Structures are given as C-alpha cells and as structure tokens.
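Structure file query32.txt with compact mmCIF, N, CA and C atoms:
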# COMPACT_ATOMS: atom_id res chain seq x y z
N MET A 1 124.66 140.01 113.38
CA MET A 1 124.35 139.01 114.37
C MET A 1 125.47 138.99 115.39
N SER A 2 125.12 138.80 116.61
CA SER A 2 126.15 138.81 117.64
C SER A 2 126.89 137.47 117.64
N LYS A 3 128.10 137.50 118.12
CA LYS A 3 128.92 136.29 118.16
C LYS A 3 128.40 135.28 119.18
N ALA A 4 127.59 135.73 120.12
CA ALA A 4 127.06 134.82 121.15
C ALA A 4 126.02 133.86 120.55
N LEU A 5 125.35 134.26 119.48
CA LEU A 5 124.32 133.42 118.88
C LEU A 5 124.87 132.40 117.89
N VAL A 6 126.07 132.59 117.41
CA VAL A 6 126.62 131.70 116.39
C VAL A 6 126.74 130.26 116.90
N PRO A 7 127.31 129.99 118.08
CA PRO A 7 127.38 128.60 118.54
C PRO A 7 125.98 127.98 118.75
N PHE A 8 125.02 128.76 119.18
CA PHE A 8 123.66 128.25 119.39
C PHE A 8 123.05 127.80 118.07
N ARG A 9 123.26 128.57 117.00
CA ARG A 9 122.72 128.21 115.68
C ARG A 9 123.37 126.94 115.16
N ARG A 10 124.67 126.78 115.38
CA ARG A 10 125.34 125.56 114.94
C ARG A 10 124.82 124.35 115.71
N LEU A 11 124.59 124.50 116.98
CA LEU A 11 124.07 123.41 117.81
C LEU A 11 122.67 123.02 117.34
N ARG A 12 121.85 124.01 117.02
CA ARG A 12 120.49 123.72 116.57
C ARG A 12 120.51 122.95 115.25
N LYS A 13 121.40 123.30 114.33
CA LYS A 13 121.49 122.60 113.07
C LYS A 13 121.90 121.15 113.27
N LEU A 14 122.81 120.89 114.19
CA LEU A 14 123.24 119.52 114.45
C LEU A 14 122.11 118.69 115.07
N ASN A 15 121.31 119.28 115.93
CA ASN A 15 120.22 118.56 116.58
C ASN A 15 119.08 118.25 115.63
N GLU A 16 118.89 119.05 114.58
CA GLU A 16 117.77 118.88 113.66
C GLU A 16 118.20 118.18 112.37
N ARG A 17 119.33 117.52 112.40
CA ARG A 17 119.86 116.92 111.19
C ARG A 17 118.92 115.85 110.62
N GLY A 18 118.31 115.00 111.43
CA GLY A 18 117.44 113.94 110.94
C GLY A 18 115.96 114.29 110.97
N ALA A 19 115.62 115.53 111.25
CA ALA A 19 114.22 115.91 111.38
C ALA A 19 113.48 115.79 110.05
N ALA A 20 114.09 116.17 108.96
CA ALA A 20 113.41 116.12 107.66
C ALA A 20 113.12 114.68 107.27
N THR A 21 114.04 113.78 107.51
CA THR A 21 113.83 112.37 107.18
C THR A 21 112.69 111.79 107.99
N ALA A 22 112.62 112.12 109.25
CA ALA A 22 111.53 111.62 110.09
C ALA A 22 110.19 112.17 109.63
N GLU A 23 110.15 113.41 109.23
CA GLU A 23 108.90 114.00 108.75
C GLU A 23 108.45 113.33 107.46
N TYR A 24 109.38 113.03 106.56
CA TYR A 24 109.02 112.32 105.33
C TYR A 24 108.50 110.93 105.64
N ALA A 25 109.12 110.27 106.61
CA ALA A 25 108.68 108.92 106.97
C ALA A 25 107.26 108.94 107.53
N VAL A 26 106.95 109.90 108.36
CA VAL A 26 105.60 110.01 108.92
C VAL A 26 104.60 110.30 107.81
N THR A 27 104.97 111.15 106.88
CA THR A 27 104.08 111.46 105.75
C THR A 27 103.83 110.23 104.90
N MET A 28 104.86 109.45 104.64
CA MET A 28 104.70 108.24 103.83
C MET A 28 103.81 107.21 104.53
N VAL A 29 103.97 107.06 105.84
CA VAL A 29 103.12 106.12 106.59
C VAL A 29 101.67 106.58 106.56
N ALA A 30 101.44 107.87 106.70
CA ALA A 30 100.07 108.40 106.64
C ALA A 30 99.47 108.20 105.26
N ALA A 31 100.24 108.44 104.21
CA ALA A 31 99.74 108.25 102.84
C ALA A 31 99.40 106.79 102.58
N CYS A 32 100.22 105.89 103.05
CA CYS A 32 99.94 104.45 102.88
C CYS A 32 98.69 104.05 103.67
N GLY A 33 98.52 104.60 104.84
CA GLY A 33 97.32 104.30 105.63
C GLY A 33 96.05 104.79 104.94
N ILE A 34 96.09 105.99 104.41
CA ILE A 34 94.92 106.53 103.70
C ILE A 34 94.65 105.70 102.45
N GLY A 35 95.71 105.29 101.75
CA GLY A 35 95.54 104.44 100.57
C GLY A 35 94.90 103.11 100.93
N GLY A 36 95.31 102.52 102.03
CA GLY A 36 94.71 101.27 102.48
C GLY A 36 93.24 101.41 102.81
N ILE A 37 92.90 102.50 103.44
CA ILE A 37 91.49 102.75 103.77
C ILE A 37 90.66 102.93 102.50
N LEU A 38 91.21 103.66 101.53
CA LEU A 38 90.49 103.86 100.26
C LEU A 38 90.30 102.54 99.51
N ILE A 39 91.31 101.69 99.52
CA ILE A 39 91.17 100.39 98.86
C ILE A 39 90.10 99.56 99.53
N ALA A 40 90.08 99.56 100.87
CA ALA A 40 89.06 98.80 101.59
C ALA A 40 87.67 99.34 101.29
N LEU A 41 87.53 100.65 101.20
CA LEU A 41 86.22 101.23 100.89
C LEU A 41 85.78 100.90 99.47
N LEU A 42 86.70 100.96 98.52
CA LEU A 42 86.34 100.73 97.13
C LEU A 42 86.03 99.26 96.85
N LYS A 43 86.47 98.35 97.69
CA LYS A 43 86.17 96.93 97.52
C LYS A 43 84.79 96.57 98.05
N SER A 44 84.18 97.45 98.83
CA SER A 44 82.88 97.13 99.40
C SER A 44 81.80 97.16 98.31
N PRO A 45 80.79 96.30 98.43
CA PRO A 45 79.73 96.24 97.41
C PRO A 45 78.98 97.56 97.24
N ALA A 46 78.76 98.28 98.31
CA ALA A 46 78.04 99.55 98.22
C ALA A 46 78.81 100.57 97.37
N MET A 47 80.11 100.65 97.59
CA MET A 47 80.91 101.60 96.82
C MET A 47 81.03 101.17 95.36
N LEU A 48 81.12 99.86 95.12
CA LEU A 48 81.19 99.39 93.74
C LEU A 48 79.92 99.74 92.97
N SER A 49 78.77 99.54 93.61
CA SER A 49 77.52 99.89 92.93
C SER A 49 77.40 101.40 92.72
N LEU A 50 77.89 102.19 93.67
CA LEU A 50 77.87 103.65 93.51
C LEU A 50 78.76 104.08 92.35
N LEU A 51 79.96 103.51 92.26
CA LEU A 51 80.86 103.84 91.16
C LEU A 51 80.28 103.43 89.81
N LYS A 52 79.65 102.26 89.76
CA LYS A 52 79.01 101.82 88.51
C LYS A 52 77.88 102.76 88.12
N ALA A 53 77.11 103.22 89.09
CA ALA A 53 76.02 104.16 88.80
C ALA A 53 76.57 105.47 88.26
N ILE A 54 77.65 105.96 88.83
CA ILE A 54 78.26 107.22 88.37
C ILE A 54 78.78 107.06 86.94
N ILE A 55 79.46 105.94 86.68
CA ILE A 55 80.00 105.71 85.33
C ILE A 55 78.86 105.57 84.32
N ASN A 56 77.82 104.84 84.68
CA ASN A 56 76.68 104.68 83.77
C ASN A 56 76.00 106.02 83.50
N PHE A 57 75.87 106.86 84.52
CA PHE A 57 75.29 108.19 84.34
C PHE A 57 76.13 109.03 83.39
N ALA A 58 77.46 108.97 83.57
CA ALA A 58 78.34 109.74 82.70
C ALA A 58 78.27 109.25 81.26
N LEU A 59 78.21 107.93 81.07
CA LEU A 59 78.11 107.39 79.72
C LEU A 59 76.79 107.77 79.08
N LYS A 60 75.71 107.74 79.86
CA LYS A 60 74.40 108.11 79.33
C LYS A 60 74.37 109.60 78.98
N ALA A 61 75.00 110.43 79.79
CA ALA A 61 75.05 111.87 79.52
C ALA A 61 75.87 112.16 78.26
N ALA A 62 76.86 111.29 77.98
CA ALA A 62 77.69 111.47 76.79
C ALA A 62 76.99 110.94 75.54
N GLY A 63 75.84 110.31 75.70
CA GLY A 63 75.10 109.81 74.54
C GLY A 63 75.35 108.37 74.23
N LEU A 64 76.09 107.69 75.05
CA LEU A 64 76.35 106.27 74.85
C LEU A 64 75.37 105.45 75.67
N ASP A 65 74.87 104.39 75.10
CA ASP A 65 73.90 103.57 75.83
C ASP A 65 74.54 102.25 76.25
N VAL A 66 75.63 102.35 76.99
CA VAL A 66 76.38 101.18 77.43
C VAL A 66 76.17 101.04 78.93
N GLN A 67 75.93 99.83 79.38
CA GLN A 67 75.76 99.55 80.81
C GLN A 67 76.98 98.80 81.31
N ILE A 68 77.48 99.21 82.44
CA ILE A 68 78.61 98.52 83.05
C ILE A 68 78.12 97.73 84.24

Re-express the file's structure as structure tokens.
Amino acid sequence: MSKALVPFRRLRKLNERGAATAEYAVTMVAACGIGGILIALLKSPAMLSLLKAIINFALKAAGLDVQI
C-alpha cells in the first residue's frame, strides 16, 4: 500500500467511529415498531378468532377434542 493512502484510511476510521452504534439504534427502533404493529394486529378480534381456529384445527388433527 502506498504511504499516500495511510492518512486517508486513518481519517475514514475516525469519521465512522459511531456508525455501528447508529445502525444498531435504527435496527432496534425498527424491531420495536414491527413488534408494536404485531401486538396491535394480534389484539384485533379477527386475528384472535383466526388464531383460535388454527389452534383448534391443530388440536383436532392431533386427536384431541378440546375447544379453545
């Protein structure tokens, strides 16, 4: 590597020092947003009845005659 590129690489490392932390923060905010949307969807009556139907189907397929 030429000596002319060495100072440029050091400068780039100093400028990107907090980049990883910011990327993790954006990822965490996105994950929390998706989690909030999923909670709101699962609380709706339509989704609750769909989940109950899926669970009842699975129990019936397993040979159990239990209704939830």

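You will find atom C of A:Leu41 at 28.3 Å from atom C of A:Gly63.
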
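Of note, atom C of A:Gly35 and atom N of A:Gln67 are spaced 28.9 Å apart.
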
* Contacts of A:Asn56 at 8 Å or less, counting all atoms listed in the file, minus same-chain residues fewer than 6 places along, as a list in words? -> Leu50, Ala62, Leu64, Val66, Gln67 and Ile68 of chain A

For the residues in that selection, give me N, CA and C atoms as an mmCIF file, in the frame of the given file.
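Listing of selection35.cif after writing:
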data_model
loop_
_atom_site.group_PDB
_atom_site.id
_atom_site.type_symbol
_atom_site.label_atom_id
_atom_site.label_comp_id
_atom_site.auth_asym_id
_atom_site.auth_seq_id
_atom_site.Cartn_x
_atom_site.Cartn_y
_atom_site.Cartn_z
ATOM 1 N N LEU A 50 77.890 102.190 93.670
ATOM 2 C CA LEU A 50 77.870 103.650 93.510
ATOM 3 C C LEU A 50 78.760 104.080 92.350
ATOM 4 N N ALA A 62 76.860 111.290 77.980
ATOM 5 C CA ALA A 62 77.690 111.470 76.790
ATOM 6 C C ALA A 62 76.990 110.940 75.540
ATOM 7 N N LEU A 64 76.090 107.690 75.050
ATOM 8 C CA LEU A 64 76.350 106.270 74.850
ATOM 9 C C LEU A 64 75.370 105.450 75.670
ATOM 10 N N VAL A 66 75.630 102.350 76.990
ATOM 11 C CA VAL A 66 76.380 101.180 77.430
ATOM 12 C C VAL A 66 76.170 101.040 78.930
ATOM 13 N N GLN A 67 75.930 99.830 79.380
ATOM 14 C CA GLN A 67 75.760 99.550 80.810
ATOM 15 C C GLN A 67 76.980 98.800 81.310
ATOM 16 N N ILE A 68 77.480 99.210 82.440
ATOM 17 C CA ILE A 68 78.610 98.520 83.050
ATOM 18 C C ILE A 68 78.120 97.730 84.240
#

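Take atom C of A:Ser44 and atom C of A:Ala30: the distance between them is 22.0 Å.
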